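A.B. asks: Below is the structure I would like to discuss, written out as structure tokens.
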Amino acid sequence: MREGDKAGAREPGSEARARIQQWQAQATRPLWPLVAFAAVSLWAVSDFPYLPSIPDEWNEVLGRPPPLSWVNAAFVLYLFSALILGLTRMGTPVKPASGFAHVGYLAAFYGFYHIGGGLEDNVWAVLVGGFAVLALEWYRGWLFCRQKIREEQEGTPPFPPDA
Amino acid sequence: MFKSLAAKAIVPVALSVTCFVLVGSILLYASMKRDRIDESVLHANDIASVVLKSTRYAMLRDDRETLRNIVSNVGEENIVDHVRIFNKQGVVVFSGAPHEVGQEVDKLAEGCYVCHAAAEPVKTLGPMEQARRFVKDDGKPVLAITAAVYNEPECFNGACHYHPPDQVVLGTLDIGLSQEALQTTLVRMRMRLALFGALVLILSVGGVAALLKYNVVAPLQRLVDYVESPRAAEVLPPAEEELAAVARAFDRVRGHPGSGSDGS
């Protein structure tokens, strides 16, 4: 009850206290998406050892891999969109997602670079970009939880209740 | 630390800009590196083609002394790491390094297996498939081109020759070019990109931080000083419209007009 004391807010009830604990737990939860991404990245940096090769029949069906310039363009577009969305939603009442979807997208980019033969040169780009996106998501989640805790403590939500 | 207004504004922007510039630089460098390597492969193919053309007449005449001289002279060039001509059996017939003559190469060795992996060897290869890149034991990078010497009507119709018409490939030219110059260029390119990235970062992050400090943090501090001052007249309110309005509103709450009430 730090900010609440200064603002003269009422003492939170037991329900509010439970909700505050919930938000606090969410704010300090382990960074599982970052851990998952680090694991995928470690695998990618060592060029996906133990990954079974695609059977020739599948290769024939799938055709040639996309050119690396297309993968690069798609990755830059994805990264730019993710960062812009992350920044513009910072401090808004939109609840951040867990970040596992981004881990999936980033793993797909590792895959495309791998089959396109450009993983060695581009693995660090995906690693740095992925770290930025996930760190931004985590920071947004942390800010969101802090905001919710303050609302509960002050009892005056600045966001609409249904947000 | 992360609760301050400046940190909340600067940390996400700094992180995003830093990572985006870094990613852009890595992708740009990788693209330029690939382009330069492709260019050098085409250039090496041209050199291999020039060597083959310059030895063609000597081969037709079966003039081994001239051939030996051409190969030896080409091998003396600084850019050339090695140059050899193999016969159909994979035996070195001519080489820039005379001690290699007579040696037999493994057809499944790097540079040979591209054609000899299957029971029936591949007869033609594209320019990119003819190239292989490797690093020698002394750490020097080499780009090697393996170009086939094809049978021609002049070869099997000549009075002096014994190549049957159905033999498509008569031998192979293997020429290796030093890639040290390319590596130096790539290192220089990397340094320039790193410098450019660092300057962009300093400019963008420093610019945002400075603007935030002078336009938001400092005026807010002046407002805090004004509000906390026991006598408002002693401290001037911030000049920014929005913060001056807050100061005037505070004066009204406080019950006596201060400097902020004059609309300055």
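Chain identifiers are assigned as A, B, and so on, following the order in which chains appear in the structure tokens; residues are numbered from 1 within each chain, and ligands are numbered from 1 in order of appearance.
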Compile the contact shell of region 86-98 of chain A as a ChimeraX atom specification: residues with an atom at most 9 Å away, counting only C-alpha atoms, same-chain residues fewer than 6 positions apart removed.
C.D. replies: /A:32-33,133,136-141,143-144,147,159-160,163 /B:12-13,16
A.B. asks: Based on the selection just made, write N, CA, C and O atoms of those residues as a PDB file, in the first residue's frame.
C.D. replies:
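Listed below is the output, out_5.pdb:
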ATOM      1  N   TRP A  32       8.959 -17.760 -19.393  1.00  0.00           N
ATOM      2  CA  TRP A  32       8.944 -19.023 -20.150  1.00  0.00           C
ATOM      3  C   TRP A  32       9.085 -18.841 -21.654  1.00  0.00           C
ATOM      4  O   TRP A  32       9.813 -19.605 -22.301  1.00  0.00           O
ATOM      5  N   PRO A  33       8.420 -17.833 -22.269  1.00  0.00           N
ATOM      6  CA  PRO A  33       8.626 -17.671 -23.712  1.00  0.00           C
ATOM      7  C   PRO A  33      10.100 -17.383 -24.062  1.00  0.00           C
ATOM      8  O   PRO A  33      10.613 -17.916 -25.045  1.00  0.00           O
ATOM      9  N   VAL A 133      11.651  -8.583 -29.435  1.00  0.00           N
ATOM     10  CA  VAL A 133      10.187  -8.708 -29.430  1.00  0.00           C
ATOM     11  C   VAL A 133       9.700  -9.292 -28.099  1.00  0.00           C
ATOM     12  O   VAL A 133       8.771  -8.776 -27.471  1.00  0.00           O
ATOM     13  N   LEU A 136      10.232  -6.910 -25.147  1.00  0.00           N
ATOM     14  CA  LEU A 136       9.242  -5.829 -25.197  1.00  0.00           C
ATOM     15  C   LEU A 136       7.882  -6.327 -24.696  1.00  0.00           C
ATOM     16  O   LEU A 136       7.195  -5.636 -23.949  1.00  0.00           O
ATOM     17  N   GLU A 137       7.517  -7.546 -25.116  1.00  0.00           N
ATOM     18  CA  GLU A 137       6.257  -8.143 -24.673  1.00  0.00           C
ATOM     19  C   GLU A 137       6.252  -8.331 -23.164  1.00  0.00           C
ATOM     20  O   GLU A 137       5.265  -8.071 -22.489  1.00  0.00           O
ATOM     21  N   TRP A 138       7.403  -8.805 -22.649  1.00  0.00           N
ATOM     22  CA  TRP A 138       7.495  -9.022 -21.203  1.00  0.00           C
ATOM     23  C   TRP A 138       7.372  -7.700 -20.457  1.00  0.00           C
ATOM     24  O   TRP A 138       6.664  -7.590 -19.468  1.00  0.00           O
ATOM     25  N   TYR A 139       8.060  -6.664 -20.969  1.00  0.00           N
ATOM     26  CA  TYR A 139       8.040  -5.351 -20.322  1.00  0.00           C
ATOM     27  C   TYR A 139       6.612  -4.783 -20.342  1.00  0.00           C
ATOM     28  O   TYR A 139       6.151  -4.212 -19.358  1.00  0.00           O
ATOM     29  N   ARG A 140       5.915  -4.989 -21.471  1.00  0.00           N
ATOM     30  CA  ARG A 140       4.532  -4.519 -21.593  1.00  0.00           C
ATOM     31  C   ARG A 140       3.646  -5.246 -20.580  1.00  0.00           C
ATOM     32  O   ARG A 140       2.811  -4.629 -19.921  1.00  0.00           O
ATOM     33  N   GLY A 141       3.869  -6.552 -20.436  1.00  0.00           N
ATOM     34  CA  GLY A 141       3.110  -7.339 -19.466  1.00  0.00           C
ATOM     35  C   GLY A 141       3.377  -6.877 -18.049  1.00  0.00           C
ATOM     36  O   GLY A 141       2.456  -6.756 -17.223  1.00  0.00           O
ATOM     37  N   LEU A 143       4.390  -3.853 -17.111  1.00  0.00           N
ATOM     38  CA  LEU A 143       3.749  -2.543 -16.921  1.00  0.00           C
ATOM     39  C   LEU A 143       2.248  -2.705 -16.719  1.00  0.00           C
ATOM     40  O   LEU A 143       1.644  -2.022 -15.882  1.00  0.00           O
ATOM     41  N   PHE A 144       1.645  -3.610 -17.487  1.00  0.00           N
ATOM     42  CA  PHE A 144       0.204  -3.855 -17.397  1.00  0.00           C
ATOM     43  C   PHE A 144      -0.158  -4.339 -15.991  1.00  0.00           C
ATOM     44  O   PHE A 144      -1.119  -3.851 -15.380  1.00  0.00           O
ATOM     45  N   GLN A 147       0.119  -1.615 -13.452  1.00  0.00           N
ATOM     46  CA  GLN A 147      -1.022  -0.703 -13.580  1.00  0.00           C
ATOM     47  C   GLN A 147      -2.241  -1.292 -12.883  1.00  0.00           C
ATOM     48  O   GLN A 147      -2.950  -0.598 -12.151  1.00  0.00           O
ATOM     49  N   PHE A 159      -8.592   2.569 -16.505  1.00  0.00           N
ATOM     50  CA  PHE A 159      -9.045   1.851 -17.688  1.00  0.00           C
ATOM     51  C   PHE A 159     -10.492   1.445 -17.492  1.00  0.00           C
ATOM     52  O   PHE A 159     -10.942   1.253 -16.360  1.00  0.00           O
ATOM     53  N   PRO A 160     -11.258   1.263 -18.534  1.00  0.00           N
ATOM     54  CA  PRO A 160     -12.625   0.742 -18.381  1.00  0.00           C
ATOM     55  C   PRO A 160     -12.588  -0.612 -17.690  1.00  0.00           C
ATOM     56  O   PRO A 160     -11.646  -1.396 -17.910  1.00  0.00           O
ATOM     57  N   ALA A 163     -11.881  -3.820 -19.623  1.00  0.00           N
ATOM     58  CA  ALA A 163     -10.640  -3.901 -20.405  1.00  0.00           C
ATOM     59  C   ALA A 163      -9.808  -5.077 -19.960  1.00  0.00           C
ATOM     60  O   ALA A 163      -9.777  -5.399 -18.808  1.00  0.00           O
TER      61      ALA A 163
ATOM     62  N   PRO B  12      11.855   1.067 -23.706  1.00  0.00           N
ATOM     63  CA  PRO B  12      11.288   0.311 -24.846  1.00  0.00           C
ATOM     64  C   PRO B  12      11.755   0.836 -26.195  1.00  0.00           C
ATOM     65  O   PRO B  12      12.058   0.057 -27.098  1.00  0.00           O
ATOM     66  N   VAL B  13      11.838   2.170 -26.323  1.00  0.00           N
ATOM     67  CA  VAL B  13      12.275   2.737 -27.607  1.00  0.00           C
ATOM     68  C   VAL B  13      13.729   2.362 -27.879  1.00  0.00           C
ATOM     69  O   VAL B  13      14.091   1.945 -28.994  1.00  0.00           O
ATOM     70  N   SER B  16      13.945  -1.320 -28.830  1.00  0.00           N
ATOM     71  CA  SER B  16      13.417  -1.596 -30.175  1.00  0.00           C
ATOM     72  C   SER B  16      14.362  -1.075 -31.250  1.00  0.00           C
ATOM     73  O   SER B  16      14.672  -1.793 -32.206  1.00  0.00           O
TER      74      SER B  16
END
A.B. asks: Return the neighbours of chain B among the residues of chain A, cut-off 9 Å, counting only C-alpha atoms, as a VMD selection string.
C.D. replies: chain A and resid 68 to 69 72 76 79 to 80 83 to 84 86 to 87 90 118 121 to 122 124 to 129 131 to 133 135 to 136 139 to 140 143
A.B. asks: Smallest atom-to-atom distance to Ile54 (chain A): which of A:Ile115, A:Ala101, A:Val123, A:Ala39, using only C-alpha atoms?
C.D. replies: A:Ile115
A.B. asks: To one decimal in Å, tell me the separation between CA of Val216 (chain B) and CA of Val235 (chain B).
C.D. replies: 18.2 Å
A.B. asks: Which of region 31-212 of chain B counts as strand (DSSP E) under DSSP, as a PyMOL selection string please?
C.D. replies: chain B and resi 80-87+92-95+131-135+141-150+169-178
A.B. asks: If we count only C-alpha atoms, what is near Ala44 (chain B) at a cut-off of 9 Å, once residues fewer than 6 positions away on the same chain are taken out, given as a list in words?
C.D. replies: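 Listing them by chain and then by number gives Ala131, Leu143, Ala144, Ile145, Ile175, Gly176 and Leu177 of chain B.
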A.B. asks: Could you name the residues that touch Val135 (chain B) at 10 Å or less, counting only C-alpha atoms, but leaving out those on the same chain fewer than 6 positions away, as a VMD selection string?
C.D. replies: chain B and resid 141 to 143 178 to 179
A.B. asks: Next, the residues of the selection above should be written as a compact mmCIF listing (two decimals), in the first residue's frame with N, CA, C and O atoms.
C.D. replies:
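Result written to selection.txt:
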# COMPACT_ATOMS: atom_id res chain seq x y z
N PRO B 141 41.57 -18.78 -47.03
CA PRO B 141 40.34 -19.20 -47.72
C PRO B 141 40.57 -19.31 -49.22
O PRO B 141 41.26 -18.47 -49.81
N VAL B 142 39.99 -20.34 -49.83
CA VAL B 142 40.19 -20.59 -51.27
C VAL B 142 38.83 -20.86 -51.92
O VAL B 142 37.96 -21.51 -51.33
N LEU B 143 38.66 -20.31 -53.11
CA LEU B 143 37.50 -20.63 -53.94
C LEU B 143 38.01 -21.41 -55.14
O LEU B 143 38.85 -20.90 -55.89
N SER B 178 42.70 -17.52 -54.43
CA SER B 178 42.76 -17.05 -53.04
C SER B 178 41.61 -16.09 -52.77
O SER B 178 41.30 -15.23 -53.58
N GLN B 179 40.99 -16.24 -51.62
CA GLN B 179 39.86 -15.38 -51.24
C GLN B 179 40.24 -14.38 -50.16
O GLN B 179 39.37 -13.80 -49.50
A.B. asks: Which residue out of B:Leu182, B:Val71, B:Leu203, B:Leu170 has the minimum interatomic distance to Ala147 (chain B) when only C-alpha atoms are used?
C.D. replies: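 Looking at the shortest contact to Ala147 (chain B), the residue is B:Leu170.
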A.B. asks: Could you pull the residues within 6 Å of region 94-103 of chain B, counting only C-alpha atoms, minus those fewer than 3 positions along the same chain, as a list of chain:residue names?
C.D. replies: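 Final neighbour list, sorted by chain and number: B:Arg68, B:Val71, B:Ser72, B:Gly75, B:Val83, B:Arg84, B:Ile85, B:Val91.
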A.B. asks: Quote the spacing between CA of Leu186 (chain B) and CA of Asn45 (chain B) in Å to one decimal place.
C.D. replies: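 Between CA of Leu186 (chain B) and CA of Asn45 (chain B) the gap works out to 20.8 Å.
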